[in-house]
Amino acid sequence: MSGQGRGRLPVTAASGELLPLAERVQRMQLFRMAVSGVVVLFALLAPETLGAGLSDLAVGIGAYVVSSLACQWWWHRSRGELVLFGTMLAVDGIFLAWASYVTGGTISPLRYLILLHLIAVSLLASRRAGLQLASWHTVLLLGIFCAQETEILGRASERADLLPGSNLQHVVWFVSVIWFVAMITGILSVVNERELRRRRHDLEALAVMAVDLEDATDPSSVAQVLLDSVVAAFDLDTVAVLAGQGEALSLMASRGTGQASATQHRPSAHSILKIVRESRRSQVVSDLNPEHDPWLASLFPSPRSLALLPLTAEGRSVGVLVVAHDLREDSLVERQMVSILERFTSHAALALRNAWLLEQLQTFASTDGLTGIANRRAFDLVLDRELARASRNETMVSLVMLDIDHFKDLNDTHGHQRGDDVLRAVAVVLAKACREYDTAARYGGEEFAMILPNCGPDEAFAAAERLRLAVAEAETEDGSALQVTISGGIATFPIHGRDSTAVVTAADAALYESKRKGRNRVTAPARSRPTSARRRGRKSAVTPRS
């Protein structure tokens, strides 16, 4: 899982524990106080059943309470020794056996406290502790019975003779009940522990994913975090994250899927993807219809059940998580898995939405609102970055500064709307002429710039000339001729400047030299090329027509 090492959250219990040992000890202490109270209450309500005097009973109960408190105090002092925890359970068994003996022996109602003690220990400690305690209670009951039969101990009550069966049968029956309760409680404890461990594992995986999502700043990394988290939490081998801001969905992340028939897909009206997105409810399907979902069928070619969960954020579905599994349809495990997966998708959907919003904000911050190319702030950042890279690699970077000729006259004659159309058309020409690693920017007003990495003076001059000719032949969005020209100036790092300020100053000076020489031309500093060059068949200036 992504971020597995750094995203792990601390837990209060030791590894493998579902409840801290200190809390278990505290709950068992409350149980002991309740048992002591029940014994006292029984002695007060039914004194005729006692096989000992009230004073002897009080001494026994007091000794038990004091010993349990002493064991707990020493347990805290020894910082949780497990031996003391076991010793306290052994003392519990002795007290309960004694209380049963003095309040009726084999037919004492208090003997059912032994069953409650067994259930409490099995649920609070473990199945193994419950079985060990059942053995201890069995030994104590049989020991008391044998001591009574051999007259080492006297009979606690004569009422046992009123019931059918011998004392031995009573003991055997109750021991059988003890072991039956121990086995049933142990099974329930195992099932309960397994369910609690699974839920804790799911919650920990969800918490880890939430931590990892904080570091995911772009949509692709958010989708990958979701994919890795789901795969790790549920041990899945075929998962796909499909998302998109519009109707079309893109394959953002996948594992174990087939080859997608297209990078993007617009689901049809009958597509299960569209149904899940519009209903914003999870769906489980056993068979895909290739006619309705050809794209999804190409991703999941094997005939397996699919769980489709919507990625919903702020009441809007931004995608679908598709999981292939082998569970039986409508089974309890399947419903539990879908329920937990929905928690994962709800967190990831919000993170995905935020990542898209962050991308849009970054785009708005670095893009000129009118022309759609880089703005002045982005230009400064890119130029500094490219010059730093060129300095490390000992390469060249050229800068082309361009200005629309007679732009003020165009605005005054045809209006600012026409001027905006011209600016957008020039920006389109520059964007089309860019290589993958070039940057076209609006420098300010009617002035544009091109950053050309790995480009020397000659290549930059030729590129600027191509731009000048392309602008002269360009058209506006409505198809009419642009009818404007541009003037340009170039400068190259490190030939004409050792930093961004010097390079911009040199290119700007060359641009104004082109303006001074008559416009509609490109000028380079004297050390690299002649100061100006004019291409054949072009006039020095073109006056825009209405």
# chains A, B, ... in the order shown; residues from 1 in each chain; ligands from 1
>>> select_by_dssp(residues="range 113-285 of chain A", states="strand (DSSP E)", output="list in words")
Val239, Ala240, Val241, Leu242, Ala243, Leu249, Ser250, Leu251, Met252, Ala253, Ser254, Arg255, Gln264, His265, Gln283, Val284 and Val285 of chain A
>>> atom_distance(atom1="CA of Ala351 in chain A", atom2="CA of Ser317 in chain A")
12.8 Å
>>> residues_around(residues="Ala509 in chain A", least_positions_apart="2", cutoff="12 Å", atoms="only C-alpha atoms", output="MDAnalysis selection string")
chainID A and resid 400:402 487:491 496 502:507 511:516 522:526 531
>>> write_last_selection(atoms="N, CA, C and O atoms", output="mmCIF file, in the first residue's frame")
data_model
loop_
_atom_site.group_PDB
_atom_site.id
_atom_site.type_symbol
_atom_site.label_atom_id
_atom_site.label_comp_id
_atom_site.auth_asym_id
_atom_site.auth_seq_id
_atom_site.Cartn_x
_atom_site.Cartn_y
_atom_site.Cartn_z
ATOM 1 N N VAL A 400 12.135 34.659 -27.245
ATOM 2 C CA VAL A 400 11.604 35.463 -28.352
ATOM 3 C C VAL A 400 10.529 36.378 -27.785
ATOM 4 O O VAL A 400 9.551 35.904 -27.201
ATOM 5 N N MET A 401 10.732 37.689 -27.941
ATOM 6 C CA MET A 401 9.728 38.668 -27.525
ATOM 7 C C MET A 401 9.014 39.173 -28.782
ATOM 8 O O MET A 401 9.666 39.547 -29.774
ATOM 9 N N LEU A 402 7.676 39.167 -28.747
ATOM 10 C CA LEU A 402 6.877 39.542 -29.913
ATOM 11 C C LEU A 402 5.866 40.627 -29.519
ATOM 12 O O LEU A 402 5.313 40.600 -28.410
ATOM 13 N N SER A 487 6.266 42.257 -34.668
ATOM 14 C CA SER A 487 7.703 42.500 -34.641
ATOM 15 C C SER A 487 8.301 41.658 -33.525
ATOM 16 O O SER A 487 7.632 41.397 -32.511
ATOM 17 N N GLY A 488 9.546 41.214 -33.724
ATOM 18 C CA GLY A 488 10.150 40.338 -32.735
ATOM 19 C C GLY A 488 11.584 40.673 -32.423
ATOM 20 O O GLY A 488 12.286 41.306 -33.228
ATOM 21 N N GLY A 489 11.989 40.212 -31.247
ATOM 22 C CA GLY A 489 13.378 40.329 -30.829
ATOM 23 C C GLY A 489 13.770 39.079 -30.092
ATOM 24 O O GLY A 489 12.953 38.504 -29.346
ATOM 25 N N ILE A 490 14.987 38.620 -30.281
ATOM 26 C CA ILE A 490 15.432 37.390 -29.637
ATOM 27 C C ILE A 490 16.677 37.653 -28.807
ATOM 28 O O ILE A 490 17.430 38.622 -29.051
ATOM 29 N N ALA A 491 16.875 36.769 -27.805
ATOM 30 C CA ALA A 491 18.096 36.780 -27.002
ATOM 31 C C ALA A 491 18.328 35.360 -26.523
ATOM 32 O O ALA A 491 17.365 34.596 -26.335
ATOM 33 N N HIS A 496 23.674 36.268 -24.491
ATOM 34 C CA HIS A 496 23.235 37.655 -24.339
ATOM 35 C C HIS A 496 22.857 38.010 -22.908
ATOM 36 O O HIS A 496 22.402 39.136 -22.666
ATOM 37 N N ALA A 502 18.722 39.850 -17.498
ATOM 38 C CA ALA A 502 19.586 40.248 -18.618
ATOM 39 C C ALA A 502 19.050 39.710 -19.944
ATOM 40 O O ALA A 502 19.083 40.416 -20.972
ATOM 41 N N VAL A 503 18.549 38.478 -19.951
ATOM 42 C CA VAL A 503 18.031 37.893 -21.180
ATOM 43 C C VAL A 503 16.777 38.639 -21.640
ATOM 44 O O VAL A 503 16.626 38.951 -22.838
ATOM 45 N N VAL A 504 15.868 38.939 -20.705
ATOM 46 C CA VAL A 504 14.651 39.681 -21.062
ATOM 47 C C VAL A 504 15.010 41.077 -21.577
ATOM 48 O O VAL A 504 14.447 41.563 -22.568
ATOM 49 N N THR A 505 15.964 41.720 -20.928
ATOM 50 C CA THR A 505 16.379 43.062 -21.355
ATOM 51 C C THR A 505 16.953 43.039 -22.765
ATOM 52 O O THR A 505 16.641 43.908 -23.605
ATOM 53 N N ALA A 506 17.763 42.015 -23.056
ATOM 54 C CA ALA A 506 18.366 41.915 -24.391
ATOM 55 C C ALA A 506 17.304 41.646 -25.455
ATOM 56 O O ALA A 506 17.311 42.249 -26.535
ATOM 57 N N ALA A 507 16.362 40.733 -25.170
ATOM 58 C CA ALA A 507 15.304 40.434 -26.134
ATOM 59 C C ALA A 507 14.387 41.639 -26.325
ATOM 60 O O ALA A 507 13.936 41.923 -27.457
ATOM 61 N N LEU A 511 13.605 43.717 -29.711
ATOM 62 C CA LEU A 511 12.246 43.970 -30.182
ATOM 63 C C LEU A 511 12.051 45.447 -30.531
ATOM 64 O O LEU A 511 11.495 45.773 -31.597
ATOM 65 N N TYR A 512 12.488 46.316 -29.674
ATOM 66 C CA TYR A 512 12.307 47.740 -29.964
ATOM 67 C C TYR A 512 13.181 48.207 -31.125
ATOM 68 O O TYR A 512 12.862 49.177 -31.802
ATOM 69 N N GLU A 513 14.257 47.489 -31.365
ATOM 70 C CA GLU A 513 15.048 47.786 -32.561
ATOM 71 C C GLU A 513 14.245 47.444 -33.811
ATOM 72 O O GLU A 513 14.291 48.166 -34.822
ATOM 73 N N SER A 514 13.499 46.320 -33.753
ATOM 74 C CA SER A 514 12.620 45.970 -34.871
ATOM 75 C C SER A 514 11.548 47.040 -35.065
ATOM 76 O O SER A 514 11.205 47.409 -36.201
ATOM 77 N N LYS A 515 10.986 47.543 -33.983
ATOM 78 C CA LYS A 515 9.987 48.607 -34.077
ATOM 79 C C LYS A 515 10.604 49.863 -34.706
ATOM 80 O O LYS A 515 9.991 50.515 -35.573
ATOM 81 N N ARG A 516 11.800 50.198 -34.273
ATOM 82 C CA ARG A 516 12.445 51.416 -34.769
ATOM 83 C C ARG A 516 12.822 51.302 -36.239
ATOM 84 O O ARG A 516 12.771 52.275 -36.984
ATOM 85 N N VAL A 522 12.139 40.648 -37.488
ATOM 86 C CA VAL A 522 12.732 40.045 -36.284
ATOM 87 C C VAL A 522 14.163 40.542 -36.185
ATOM 88 O O VAL A 522 14.892 40.570 -37.187
ATOM 89 N N THR A 523 14.577 40.898 -34.990
ATOM 90 C CA THR A 523 15.929 41.417 -34.760
ATOM 91 C C THR A 523 16.605 40.587 -33.682
ATOM 92 O O THR A 523 15.982 40.218 -32.686
ATOM 93 N N ALA A 524 17.887 40.313 -33.916
ATOM 94 C CA ALA A 524 18.701 39.613 -32.922
ATOM 95 C C ALA A 524 19.845 40.512 -32.505
ATOM 96 O O ALA A 524 20.271 41.368 -33.287
ATOM 97 N N PRO A 525 20.365 40.368 -31.311
ATOM 98 C CA PRO A 525 21.538 41.163 -30.905
ATOM 99 C C PRO A 525 22.688 40.970 -31.882
ATOM 100 O O PRO A 525 22.839 39.911 -32.509
ATOM 101 N N ALA A 526 23.515 41.996 -32.020
ATOM 102 C CA ALA A 526 24.551 42.039 -33.056
ATOM 103 C C ALA A 526 25.554 40.906 -32.924
ATOM 104 O O ALA A 526 26.132 40.465 -33.910
ATOM 105 N N THR A 531 21.514 42.652 -37.171
ATOM 106 C CA THR A 531 20.491 43.202 -36.286
ATOM 107 C C THR A 531 19.099 43.073 -36.833
ATOM 108 O O THR A 531 18.143 43.134 -36.102
#
>>> select_by_dssp(residues="range 92-233 of chain A", states="alpha helix (DSSP H)", output="ChimeraX atom specification")
/A:92-102,112-124,127-149,167-215,219-233
>>> closest_residue(among="A:Ile144, A:Leu115, A:Leu308, A:Ala120", to="Tyr101 in chain A", atoms="only C-alpha atoms")
A:Ile144
>>> atom_distance(atom1="CA of Phe407 in chain A", atom2="CA of Ala472 in chain A")
13.8 Å
